[in-house]
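Trainee: Dropping in target.cif, which is mmCIF, C-alpha atoms:
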```cif
data_protein
loop_
_atom_site.label_atom_id
_atom_site.label_comp_id
_atom_site.auth_asym_id
_atom_site.auth_seq_id
_atom_site.Cartn_x
_atom_site.Cartn_y
_atom_site.Cartn_z
CA MET A 1 -24.85 -2.66 -17.35
CA SER A 2 -23.05 0.31 -15.93
CA LYS A 3 -22.73 3.59 -17.77
CA TYR A 4 -18.93 3.40 -17.87
CA GLU A 5 -16.52 0.62 -18.71
CA ARG A 6 -14.29 1.97 -15.99
CA HIS A 7 -14.92 4.57 -13.32
CA ILE A 8 -11.91 6.14 -11.63
CA PHE A 9 -12.41 7.92 -8.32
CA ILE A 10 -9.69 10.33 -7.23
CA CYS A 11 -9.69 11.54 -3.65
CA THR A 12 -9.36 15.32 -3.55
CA ASN A 13 -10.29 15.66 0.11
CA ARG A 14 -8.83 18.67 1.94
CA ARG A 15 -8.32 18.76 5.69
CA ALA A 16 -7.22 21.64 7.89
CA GLU A 17 -3.52 22.49 7.64
CA ASP A 18 -2.88 21.38 11.23
CA ASN A 19 -4.59 18.00 10.84
CA THR A 20 -1.90 15.38 11.36
CA LYS A 21 -3.76 12.85 9.21
CA GLY A 22 -2.84 14.90 6.16
CA CYS A 23 -5.01 14.83 3.05
CA CYS A 24 -4.84 14.01 -0.63
CA ALA A 25 -5.48 17.63 -1.66
CA ARG A 26 -2.28 18.73 0.06
CA ASN A 27 -0.38 16.05 -1.86
CA GLY A 28 -1.40 17.35 -5.26
CA ALA A 29 -4.65 15.46 -5.85
CA GLU A 30 -6.17 18.16 -8.06
CA ALA A 31 -3.24 17.93 -10.48
CA ILE A 32 -3.61 14.14 -10.45
CA ARG A 33 -7.29 14.44 -11.24
CA ALA A 34 -6.58 16.86 -14.08
CA ALA A 35 -3.95 14.48 -15.48
CA PHE A 36 -6.43 11.58 -15.43
CA LYS A 37 -9.11 13.66 -17.16
CA GLU A 38 -6.75 14.88 -19.84
CA ALA A 39 -5.24 11.43 -20.48
CA VAL A 40 -8.71 9.84 -20.70
CA PHE A 41 -9.72 12.48 -23.25
CA GLU A 42 -6.51 12.20 -25.26
CA ARG A 43 -6.78 8.40 -25.52
CA GLY A 44 -10.33 8.70 -26.87
CA LEU A 45 -11.85 7.12 -23.76
CA LYS A 46 -14.30 9.92 -22.96
CA GLY A 47 -17.74 8.36 -22.43
CA LYS A 48 -16.23 4.94 -21.71
CA VAL A 49 -14.11 5.98 -18.74
CA ARG A 50 -14.88 8.67 -16.19
CA ALA A 51 -12.29 10.30 -13.93
CA ASN A 52 -14.37 11.40 -10.99
CA GLN A 53 -13.69 13.61 -8.02
CA ALA A 54 -14.26 11.82 -4.72
CA GLY A 55 -14.23 12.70 -1.05
CA CYS A 56 -12.02 10.86 1.44
CA LEU A 57 -11.45 7.26 0.36
CA ASP A 58 -9.95 6.45 3.76
CA ALA A 59 -6.56 5.65 2.26
CA CYS A 60 -5.01 8.90 3.45
CA SER A 61 -1.55 7.52 4.17
CA PHE A 62 -1.15 6.59 0.50
CA GLY A 63 -2.55 9.82 -0.92
CA PRO A 64 -3.30 10.91 -3.48
CA ALA A 65 -5.40 7.74 -3.45
CA VAL A 66 -7.38 6.44 -6.40
CA VAL A 67 -9.68 3.45 -6.94
CA VAL A 68 -10.66 2.01 -10.32
CA TYR A 69 -14.01 0.20 -10.64
CA PRO A 70 -15.42 -2.28 -11.44
CA GLU A 71 -12.12 -4.06 -10.71
CA GLY A 72 -11.66 -2.34 -7.36
CA ILE A 73 -7.95 -1.74 -7.90
CA TRP A 74 -6.51 0.81 -5.47
CA TYR A 75 -3.59 2.99 -6.50
CA ARG A 76 -1.38 5.57 -4.88
CA VAL A 77 -0.65 8.18 -7.54
CA PRO A 78 2.17 10.47 -6.49
CA SER A 79 2.60 12.33 -9.78
CA PRO A 80 0.63 13.32 -12.90
CA GLU A 81 3.00 11.08 -14.92
CA ASP A 82 1.82 8.13 -12.82
CA ALA A 83 -1.78 8.99 -13.65
CA VAL A 84 -0.92 8.95 -17.36
CA GLU A 85 0.79 5.56 -16.95
CA ILE A 86 -2.32 4.12 -15.27
CA VAL A 87 -4.48 5.36 -18.14
CA GLU A 88 -2.14 3.99 -20.80
CA LYS A 89 -1.50 0.62 -19.18
CA HIS A 90 -4.56 -0.21 -17.08
CA LEU A 91 -7.33 1.58 -18.94
CA VAL A 92 -6.11 1.15 -22.50
CA LYS A 93 -4.32 -2.22 -22.30
CA GLY A 94 -5.92 -3.77 -19.21
CA GLU A 95 -2.56 -4.18 -17.47
CA ILE A 96 -2.53 -3.32 -13.77
CA VAL A 97 0.34 -1.01 -12.81
CA GLU A 98 1.63 -3.16 -9.96
CA ARG A 99 4.26 -0.74 -8.70
CA LEU A 100 1.53 1.77 -7.84
CA VAL A 101 -1.00 -0.64 -6.36
CA ILE A 102 -1.71 0.00 -2.69
CA PRO A 103 -0.54 -3.14 -0.84
CA ARG A 104 -3.25 -5.78 -0.58
CA SER A 105 -2.55 -6.14 3.15
CA TRP A 106 -4.01 -2.68 3.68
CA ALA A 107 -7.40 -3.87 2.45
CA LYS A 108 -7.71 -6.12 5.47
CA GLU A 109 -6.99 -3.44 8.03
CA MET B 1 -9.22 -7.74 -3.69
CA SER B 2 -10.78 -4.41 -3.01
CA LYS B 3 -10.91 -2.81 0.41
CA TYR B 4 -14.72 -2.76 0.47
CA GLU B 5 -17.35 -5.33 -0.43
CA ARG B 6 -19.39 -2.46 -1.79
CA HIS B 7 -18.51 1.14 -2.42
CA ILE B 8 -21.36 3.63 -2.78
CA PHE B 9 -20.67 6.98 -4.42
CA ILE B 10 -23.17 9.75 -3.81
CA CYS B 11 -23.00 12.84 -6.00
CA THR B 12 -23.06 15.97 -3.86
CA ASN B 13 -22.03 18.33 -6.63
CA ARG B 14 -23.22 21.93 -6.30
CA ARG B 15 -23.64 24.25 -9.27
CA ALA B 16 -24.48 27.95 -9.33
CA GLU B 17 -28.13 28.73 -8.54
CA ASP B 18 -28.76 30.00 -12.06
CA ASN B 19 -27.31 26.92 -13.79
CA THR B 20 -30.16 25.30 -15.69
CA LYS B 21 -28.53 21.88 -15.48
CA GLY B 22 -29.36 21.81 -11.78
CA CYS B 23 -27.29 19.77 -9.35
CA CYS B 24 -27.60 16.95 -6.87
CA ALA B 25 -26.74 19.22 -3.92
CA ARG B 26 -29.79 21.35 -4.58
CA ASN B 27 -31.92 18.20 -4.57
CA GLY B 28 -30.90 17.17 -1.08
CA ALA B 29 -27.81 15.06 -1.81
CA GLU B 30 -26.15 15.82 1.55
CA ALA B 31 -29.15 14.42 3.43
CA ILE B 32 -29.05 11.36 1.16
CA ARG B 33 -25.37 10.88 1.90
CA ALA B 34 -25.97 11.22 5.65
CA ALA B 35 -28.80 8.65 5.42
CA PHE B 36 -26.52 6.16 3.62
CA LYS B 37 -23.75 6.62 6.18
CA GLU B 38 -26.09 6.20 9.12
CA ALA B 39 -27.85 3.17 7.64
CA VAL B 40 -24.51 1.51 6.81
CA PHE B 41 -23.37 2.05 10.40
CA GLU B 42 -26.63 0.87 11.93
CA ARG B 43 -26.65 -2.36 9.89
CA GLY B 44 -23.13 -3.16 11.08
CA LEU B 45 -21.65 -2.71 7.60
CA LYS B 46 -18.97 -0.17 8.54
CA GLY B 47 -15.65 -1.36 7.11
CA LYS B 48 -17.39 -3.58 4.55
CA VAL B 49 -19.35 -0.85 2.82
CA ARG B 50 -18.32 2.77 2.33
CA ALA B 51 -20.74 5.59 1.52
CA ASN B 52 -18.52 8.07 -0.26
CA GLN B 53 -18.97 11.64 -1.36
CA ALA B 54 -18.45 12.10 -5.09
CA GLY B 55 -18.33 14.98 -7.52
CA CYS B 56 -20.61 15.14 -10.57
CA LEU B 57 -21.45 11.63 -11.80
CA ASP B 58 -22.94 13.08 -14.99
CA ALA B 59 -26.41 11.79 -14.17
CA CYS B 60 -27.70 15.23 -13.18
CA SER B 61 -31.24 14.78 -14.49
CA PHE B 62 -31.79 11.89 -12.06
CA GLY B 63 -30.19 13.56 -9.05
CA PRO B 64 -29.43 12.87 -6.36
CA ALA B 65 -27.55 10.19 -8.30
CA VAL B 66 -25.73 7.28 -6.73
CA VAL B 67 -23.66 4.39 -8.09
CA VAL B 68 -22.87 1.17 -6.25
CA TYR B 69 -19.68 -0.71 -7.14
CA PRO B 70 -18.47 -3.30 -7.97
CA GLU B 71 -21.87 -4.06 -9.54
CA GLY B 72 -22.13 -0.67 -11.23
CA ILE B 73 -25.80 -0.22 -10.35
CA TRP B 74 -26.99 3.36 -10.77
CA TYR B 75 -29.76 4.71 -8.58
CA ARG B 76 -31.73 7.90 -8.33
CA VAL B 77 -32.33 8.48 -4.63
CA PRO B 78 -34.99 11.14 -4.07
CA SER B 79 -35.34 10.74 -0.29
CA PRO B 80 -33.38 9.56 2.77
CA GLU B 81 -35.94 6.74 3.13
CA ASP B 82 -34.95 5.51 -0.33
CA ALA B 83 -31.30 5.45 0.78
CA VAL B 84 -32.25 3.30 3.77
CA GLU B 85 -34.19 0.95 1.47
CA ILE B 86 -31.16 0.53 -0.80
CA VAL B 87 -28.97 -0.30 2.20
CA GLU B 88 -31.47 -2.81 3.60
CA LYS B 89 -32.31 -4.51 0.31
CA HIS B 90 -29.27 -4.16 -1.94
CA LEU B 91 -26.42 -4.03 0.54
CA VAL B 92 -27.76 -6.39 3.19
CA LYS B 93 -29.77 -8.85 1.08
CA GLY B 94 -28.22 -8.39 -2.36
CA GLU B 95 -31.57 -7.46 -3.91
CA ILE B 96 -31.43 -4.58 -6.40
CA VAL B 97 -34.12 -1.95 -5.76
CA GLU B 98 -35.49 -1.92 -9.30
CA ARG B 99 -37.92 0.97 -8.82
CA LEU B 100 -34.99 3.29 -8.10
CA VAL B 101 -32.59 2.04 -10.78
CA ILE B 102 -31.76 4.67 -13.39
CA PRO B 103 -33.12 3.33 -16.70
CA ARG B 104 -30.61 1.16 -18.52
CA SER B 105 -31.23 3.10 -21.75
CA TRP B 106 -29.51 6.10 -20.15
CA ALA B 107 -26.26 4.16 -19.95
CA LYS B 108 -26.06 4.11 -23.73
CA GLU B 109 -26.56 7.84 -24.21
#
```
Any chance you could give the structure as structure tokens?
Mentor:
Amino acid sequence: MSKYERHIFICTNRRAEDNTKGCCARNGAEAIRAAFKEAVFERGLKGKVRANQAGCLDACSFGPAVVVYPEGIWYRVPSPEDAVEIVEKHLVKGEIVERLVIPRSWAKE
Amino acid sequence: MSKYERHIFICTNRRAEDNTKGCCARNGAEAIRAAFKEAVFERGLKGKVRANQAGCLDACSFGPAVVVYPEGIWYRVPSPEDAVEIVEKHLVKGEIVERLVIPRSWAKE
């Protein structure tokens, strides 16, 4: 048994400004992480769900990138409102937010 | 389908020197992370397994703390040799390294 029902990892990796690969930090990942933490707390999920900082998830082109375990669902989360939607739909109701799921084809790259 | 067969998250969180809670960084977490990455590469698991940096996993008293998804197995990993053992046994053979598993009772705290 794992400690958490769901464990969300949010990439907050920061690369140098001139790195052409970009990075999730530059795309607002810290605000996304804060939105996840706050929404988890507000929905009474603290202790059951953890919104965790993570280093590079190697999904840079979709950043800010997020993965939810144990399901292993990968999301691109462009705004804090999207983070709240993932918490309300996926984490509370168990409904995957398809419009934000990183395309399955990417997983085979 | 997730991008990785297994995704290892290694806490490398660093707290202030005078913080009594301690931190995984002070207990050698960066060397543990390097050992995981190297062992994953050497066993030909690159692309299938990712050894990822993570922020605080809230298992500070067992640090360096590690969690392997999708199984959700939590390990304390005191030395780089232990990281290599987890890669060889758990990730290659699918055998959980029981002596390093963080006690299940902790998950209910």
Trainee: Which of these residues is nearest to Ile102 of chain B, using only C-alpha atoms: B:Ile73, B:Ala16, B:Ile32, B:Leu45?
Mentor: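 Looking at the shortest contact to Ile102 of chain B, the residue is B:Ile73.
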Trainee: As a PyMOL selection string, please: the residues near Ala34 of chain A (cut-off 12 Å, all atoms listed in the file, same-chain neighbours under 2 positions excluded).
Mentor: chain A and resi 10+12+28-32+36-41+50-53+79-81+83-84
Trainee: Would you write out those residues with C-alpha atoms, as an mmCIF file, keeping the file's coordinate frame?
Mentor:
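The resulting file, selection01.cif, is reproduced below:
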```cif
data_model
loop_
_atom_site.group_PDB
_atom_site.id
_atom_site.type_symbol
_atom_site.label_atom_id
_atom_site.label_comp_id
_atom_site.auth_asym_id
_atom_site.auth_seq_id
_atom_site.Cartn_x
_atom_site.Cartn_y
_atom_site.Cartn_z
ATOM 1 C CA ILE A 10 -9.690 10.330 -7.230
ATOM 2 C CA THR A 12 -9.360 15.320 -3.550
ATOM 3 C CA GLY A 28 -1.400 17.350 -5.260
ATOM 4 C CA ALA A 29 -4.650 15.460 -5.850
ATOM 5 C CA GLU A 30 -6.170 18.160 -8.060
ATOM 6 C CA ALA A 31 -3.240 17.930 -10.480
ATOM 7 C CA ILE A 32 -3.610 14.140 -10.450
ATOM 8 C CA PHE A 36 -6.430 11.580 -15.430
ATOM 9 C CA LYS A 37 -9.110 13.660 -17.160
ATOM 10 C CA GLU A 38 -6.750 14.880 -19.840
ATOM 11 C CA ALA A 39 -5.240 11.430 -20.480
ATOM 12 C CA VAL A 40 -8.710 9.840 -20.700
ATOM 13 C CA PHE A 41 -9.720 12.480 -23.250
ATOM 14 C CA ARG A 50 -14.880 8.670 -16.190
ATOM 15 C CA ALA A 51 -12.290 10.300 -13.930
ATOM 16 C CA ASN A 52 -14.370 11.400 -10.990
ATOM 17 C CA GLN A 53 -13.690 13.610 -8.020
ATOM 18 C CA SER A 79 2.600 12.330 -9.780
ATOM 19 C CA PRO A 80 0.630 13.320 -12.900
ATOM 20 C CA GLU A 81 3.000 11.080 -14.920
ATOM 21 C CA ALA A 83 -1.780 8.990 -13.650
ATOM 22 C CA VAL A 84 -0.920 8.950 -17.360
#
```
Trainee: Which is closer to chain B than all the others in A:Leu100, A:His90, A:Ser105, A:Glu42, using only C-alpha atoms?
Mentor: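 Closest candidate: A:Ser105.
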Trainee: Between chain B and chain A, at 10 Å or less, what are the per-residue closest atom pairs and their distances in Å? Count all atoms listed in the file, order by chain and rising residue number, and return it as JSON lines.
Mentor:
```
{"residue": "B:Met1", "atom": "CA", "partner": "A:Gly72", "partner_atom": "CA", "distance": 7.0}
{"residue": "B:Ser2", "atom": "CA", "partner": "A:Gly72", "partner_atom": "CA", "distance": 4.9}
{"residue": "B:Lys3", "atom": "CA", "partner": "A:Ala107", "partner_atom": "CA", "distance": 4.2}
{"residue": "B:Tyr4", "atom": "CA", "partner": "A:Ala107", "partner_atom": "CA", "distance": 7.7}
{"residue": "B:Glu5", "atom": "CA", "partner": "A:Gly72", "partner_atom": "CA", "distance": 9.5}
{"residue": "B:Arg6", "atom": "CA", "partner": "A:Gly72", "partner_atom": "CA", "distance": 9.5}
{"residue": "B:His7", "atom": "CA", "partner": "A:Gly72", "partner_atom": "CA", "distance": 9.1}
{"residue": "B:Phe9", "atom": "CA", "partner": "A:Ala54", "partner_atom": "CA", "distance": 8.0}
{"residue": "B:Ile10", "atom": "CA", "partner": "A:Ala54", "partner_atom": "CA", "distance": 9.2}
{"residue": "B:Cys11", "atom": "CA", "partner": "A:Ala54", "partner_atom": "CA", "distance": 8.9}
{"residue": "B:Thr12", "atom": "CA", "partner": "A:Ala54", "partner_atom": "CA", "distance": 9.8}
{"residue": "B:Asn13", "atom": "CA", "partner": "A:Gln53", "partner_atom": "CA", "distance": 9.7}
{"residue": "B:Gly47", "atom": "CA", "partner": "A:Glu109", "partner_atom": "CA", "distance": 9.0}
{"residue": "B:Arg50", "atom": "CA", "partner": "A:Leu57", "partner_atom": "CA", "distance": 8.4}
{"residue": "B:Ala51", "atom": "CA", "partner": "A:Leu57", "partner_atom": "CA", "distance": 9.5}
{"residue": "B:Asn52", "atom": "CA", "partner": "A:Gly55", "partner_atom": "CA", "distance": 6.4}
{"residue": "B:Gln53", "atom": "CA", "partner": "A:Gly55", "partner_atom": "CA", "distance": 4.9}
{"residue": "B:Ala54", "atom": "CA", "partner": "A:Ala54", "partner_atom": "CA", "distance": 4.2}
{"residue": "B:Gly55", "atom": "CA", "partner": "A:Gln53", "partner_atom": "CA", "distance": 4.9}
{"residue": "B:Cys56", "atom": "CA", "partner": "A:Asn52", "partner_atom": "CA", "distance": 7.3}
{"residue": "B:Leu57", "atom": "CA", "partner": "A:Asn52", "partner_atom": "CA", "distance": 7.1}
{"residue": "B:Asp58", "atom": "CA", "partner": "A:Arg50", "partner_atom": "CA", "distance": 9.3}
{"residue": "B:Ala59", "atom": "CA", "partner": "A:Lys3", "partner_atom": "CA", "distance": 9.7}
{"residue": "B:Val67", "atom": "CA", "partner": "A:Ser2", "partner_atom": "CA", "distance": 8.9}
{"residue": "B:Val68", "atom": "CA", "partner": "A:Pro70", "partner_atom": "CA", "distance": 9.7}
{"residue": "B:Tyr69", "atom": "CA", "partner": "A:Pro70", "partner_atom": "CA", "distance": 6.3}
{"residue": "B:Pro70", "atom": "CA", "partner": "A:Pro70", "partner_atom": "CA", "distance": 4.7}
{"residue": "B:Glu71", "atom": "CA", "partner": "A:Pro70", "partner_atom": "CA", "distance": 7.0}
{"residue": "B:Gly72", "atom": "CA", "partner": "A:Ser2", "partner_atom": "CA", "distance": 4.9}
{"residue": "B:Ile73", "atom": "CA", "partner": "A:Ser2", "partner_atom": "CA", "distance": 6.2}
{"residue": "B:Trp74", "atom": "CA", "partner": "A:Ser2", "partner_atom": "CA", "distance": 7.2}
{"residue": "B:Arg104", "atom": "CA", "partner": "A:Met1", "partner_atom": "CA", "distance": 7.0}
{"residue": "B:Ser105", "atom": "CA", "partner": "A:Lys3", "partner_atom": "CA", "distance": 9.4}
{"residue": "B:Trp106", "atom": "CA", "partner": "A:Lys3", "partner_atom": "CA", "distance": 7.6}
{"residue": "B:Ala107", "atom": "CA", "partner": "A:Lys3", "partner_atom": "CA", "distance": 4.2}
{"residue": "B:Lys108", "atom": "CA", "partner": "A:Lys3", "partner_atom": "CA", "distance": 6.8}
{"residue": "B:Glu109", "atom": "CA", "partner": "A:Lys3", "partner_atom": "CA", "distance": 8.6}
```
Trainee: Which residue out of A:Val77, A:Ile8, A:Val66, A:Val101 has the minimum interatomic distance to Lys48 of chain A when all atoms listed in the file are used?
Mentor: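 Comparing A:Val77, A:Ile8, A:Val66, A:Val101 against Lys48 of chain A, the winner is A:Ile8.
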Trainee: Let's have chain B fitted on chain A; use all the C-alpha atoms paired in order for the least-squares step and return it as a tab-separated table (two decimals) with C-alpha atoms, in the coordinates of the input.
Mentor:
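What follows is the written file selection-v1.tsv:
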```
chain	number	residue	atom	x	y	z
B	1	MET	CA	-24.86	-2.68	-17.31
B	2	SER	CA	-23.05	0.29	-15.94
B	3	LYS	CA	-22.72	3.59	-17.76
B	4	TYR	CA	-18.92	3.39	-17.87
B	5	GLU	CA	-16.50	0.60	-18.72
B	6	ARG	CA	-14.29	1.96	-15.97
B	7	HIS	CA	-14.93	4.56	-13.32
B	8	ILE	CA	-11.92	6.14	-11.63
B	9	PHE	CA	-12.40	7.93	-8.32
B	10	ILE	CA	-9.70	10.34	-7.24
B	11	CYS	CA	-9.70	11.55	-3.65
B	12	THR	CA	-9.36	15.32	-3.54
B	13	ASN	CA	-10.29	15.67	0.12
B	14	ARG	CA	-8.84	18.67	1.94
B	15	ARG	CA	-8.32	18.76	5.70
B	16	ALA	CA	-7.22	21.65	7.90
B	17	GLU	CA	-3.51	22.48	7.64
B	18	ASP	CA	-2.87	21.38	11.22
B	19	ASN	CA	-4.58	17.99	10.84
B	20	THR	CA	-1.90	15.36	11.35
B	21	LYS	CA	-3.76	12.85	9.21
B	22	GLY	CA	-2.85	14.91	6.16
B	23	CYS	CA	-5.01	14.85	3.04
B	24	CYS	CA	-4.84	14.01	-0.63
B	25	ALA	CA	-5.46	17.64	-1.66
B	26	ARG	CA	-2.29	18.75	0.06
B	27	ASN	CA	-0.39	16.07	-1.85
B	28	GLY	CA	-1.40	17.36	-5.26
B	29	ALA	CA	-4.64	15.46	-5.84
B	30	GLU	CA	-6.17	18.17	-8.07
B	31	ALA	CA	-3.23	17.93	-10.48
B	32	ILE	CA	-3.60	14.14	-10.44
B	33	ARG	CA	-7.29	14.45	-11.24
B	34	ALA	CA	-6.58	16.89	-14.08
B	35	ALA	CA	-3.94	14.48	-15.47
B	36	PHE	CA	-6.44	11.58	-15.43
B	37	LYS	CA	-9.11	13.66	-17.17
B	38	GLU	CA	-6.73	14.88	-19.84
B	39	ALA	CA	-5.23	11.44	-20.47
B	40	VAL	CA	-8.70	9.86	-20.70
B	41	PHE	CA	-9.71	12.49	-23.26
B	42	GLU	CA	-6.51	12.20	-25.27
B	43	ARG	CA	-6.77	8.40	-25.52
B	44	GLY	CA	-10.31	8.71	-26.87
B	45	LEU	CA	-11.83	7.13	-23.76
B	46	LYS	CA	-14.30	9.92	-22.96
B	47	GLY	CA	-17.73	8.36	-22.43
B	48	LYS	CA	-16.22	4.94	-21.71
B	49	VAL	CA	-14.11	5.98	-18.75
B	50	ARG	CA	-14.89	8.68	-16.20
B	51	ALA	CA	-12.29	10.30	-13.94
B	52	ASN	CA	-14.37	11.41	-10.99
B	53	GLN	CA	-13.69	13.60	-8.01
B	54	ALA	CA	-14.27	11.81	-4.71
B	55	GLY	CA	-14.24	12.71	-1.05
B	56	CYS	CA	-12.03	10.88	1.45
B	57	LEU	CA	-11.47	7.27	0.36
B	58	ASP	CA	-9.95	6.45	3.76
B	59	ALA	CA	-6.57	5.65	2.26
B	60	CYS	CA	-5.01	8.91	3.45
B	61	SER	CA	-1.54	7.52	4.17
B	62	PHE	CA	-1.15	6.58	0.49
B	63	GLY	CA	-2.55	9.82	-0.92
B	64	PRO	CA	-3.29	10.90	-3.49
B	65	ALA	CA	-5.41	7.73	-3.45
B	66	VAL	CA	-7.39	6.44	-6.39
B	67	VAL	CA	-9.69	3.47	-6.95
B	68	VAL	CA	-10.67	2.01	-10.31
B	69	TYR	CA	-14.00	0.20	-10.63
B	70	PRO	CA	-15.42	-2.28	-11.45
B	71	GLU	CA	-12.12	-4.06	-10.71
B	72	GLY	CA	-11.66	-2.35	-7.36
B	73	ILE	CA	-7.94	-1.73	-7.89
B	74	TRP	CA	-6.51	0.82	-5.47
B	75	TYR	CA	-3.60	3.00	-6.50
B	76	ARG	CA	-1.40	5.57	-4.87
B	77	VAL	CA	-0.67	8.17	-7.54
B	78	PRO	CA	2.18	10.45	-6.48
B	79	SER	CA	2.59	12.33	-9.78
B	80	PRO	CA	0.63	13.32	-12.90
B	81	GLU	CA	2.99	11.08	-14.91
B	82	ASP	CA	1.83	8.13	-12.82
B	83	ALA	CA	-1.79	8.99	-13.67
B	84	VAL	CA	-0.93	8.95	-17.37
B	85	GLU	CA	0.79	5.57	-16.94
B	86	ILE	CA	-2.32	4.11	-15.28
B	87	VAL	CA	-4.49	5.37	-18.15
B	88	GLU	CA	-2.14	3.99	-20.81
B	89	LYS	CA	-1.51	0.62	-19.17
B	90	HIS	CA	-4.56	-0.20	-17.08
B	91	LEU	CA	-7.34	1.57	-18.94
B	92	VAL	CA	-6.11	1.13	-22.50
B	93	LYS	CA	-4.33	-2.23	-22.29
B	94	GLY	CA	-5.92	-3.78	-19.21
B	95	GLU	CA	-2.55	-4.18	-17.48
B	96	ILE	CA	-2.55	-3.32	-13.77
B	97	VAL	CA	0.34	-1.02	-12.80
B	98	GLU	CA	1.62	-3.18	-9.96
B	99	ARG	CA	4.26	-0.74	-8.70
B	100	LEU	CA	1.53	1.76	-7.85
B	101	VAL	CA	-1.02	-0.65	-6.36
B	102	ILE	CA	-1.72	-0.01	-2.69
B	103	PRO	CA	-0.54	-3.13	-0.83
B	104	ARG	CA	-3.24	-5.77	-0.58
B	105	SER	CA	-2.56	-6.16	3.16
B	106	TRP	CA	-4.02	-2.68	3.67
B	107	ALA	CA	-7.40	-3.89	2.44
B	108	LYS	CA	-7.69	-6.14	5.47
B	109	GLU	CA	-6.94	-3.45	8.04
```
Trainee: So how far away is atom CA of Lys46 of chain B from atom CA of Arg33 of chain A, in Å?
Mentor: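 Atom CA of Lys46 of chain B lies 27.2 Å from atom CA of Arg33 of chain A.
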Trainee: Calculate how many Å separate atom CA of Ala25 of chain B from atom CA of Gly63 of chain B, rounding to one decimal.
Mentor: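 Taking atom CA of Ala25 of chain B and atom CA of Gly63 of chain B, their separation equals 8.4 Å.
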Trainee: By how many Å are atom CA of Glu17 of chain B and atom CA of Phe62 of chain B apart?
Mentor: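 That distance, rounded to one decimal, is 17.6 Å.
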Trainee: Any chance you could work out the axis-aligned box around segment 5-20 of chain A, listed atoms only, 8 Å on each side, giving centre and edge lengths in Å to one decimal, as JSON?
Mentor:
```
{"center_x": -9.2, "center_y": 11.6, "center_z": -3.7, "size_x": 30.6, "size_y": 37.9, "size_z": 46.1}
```
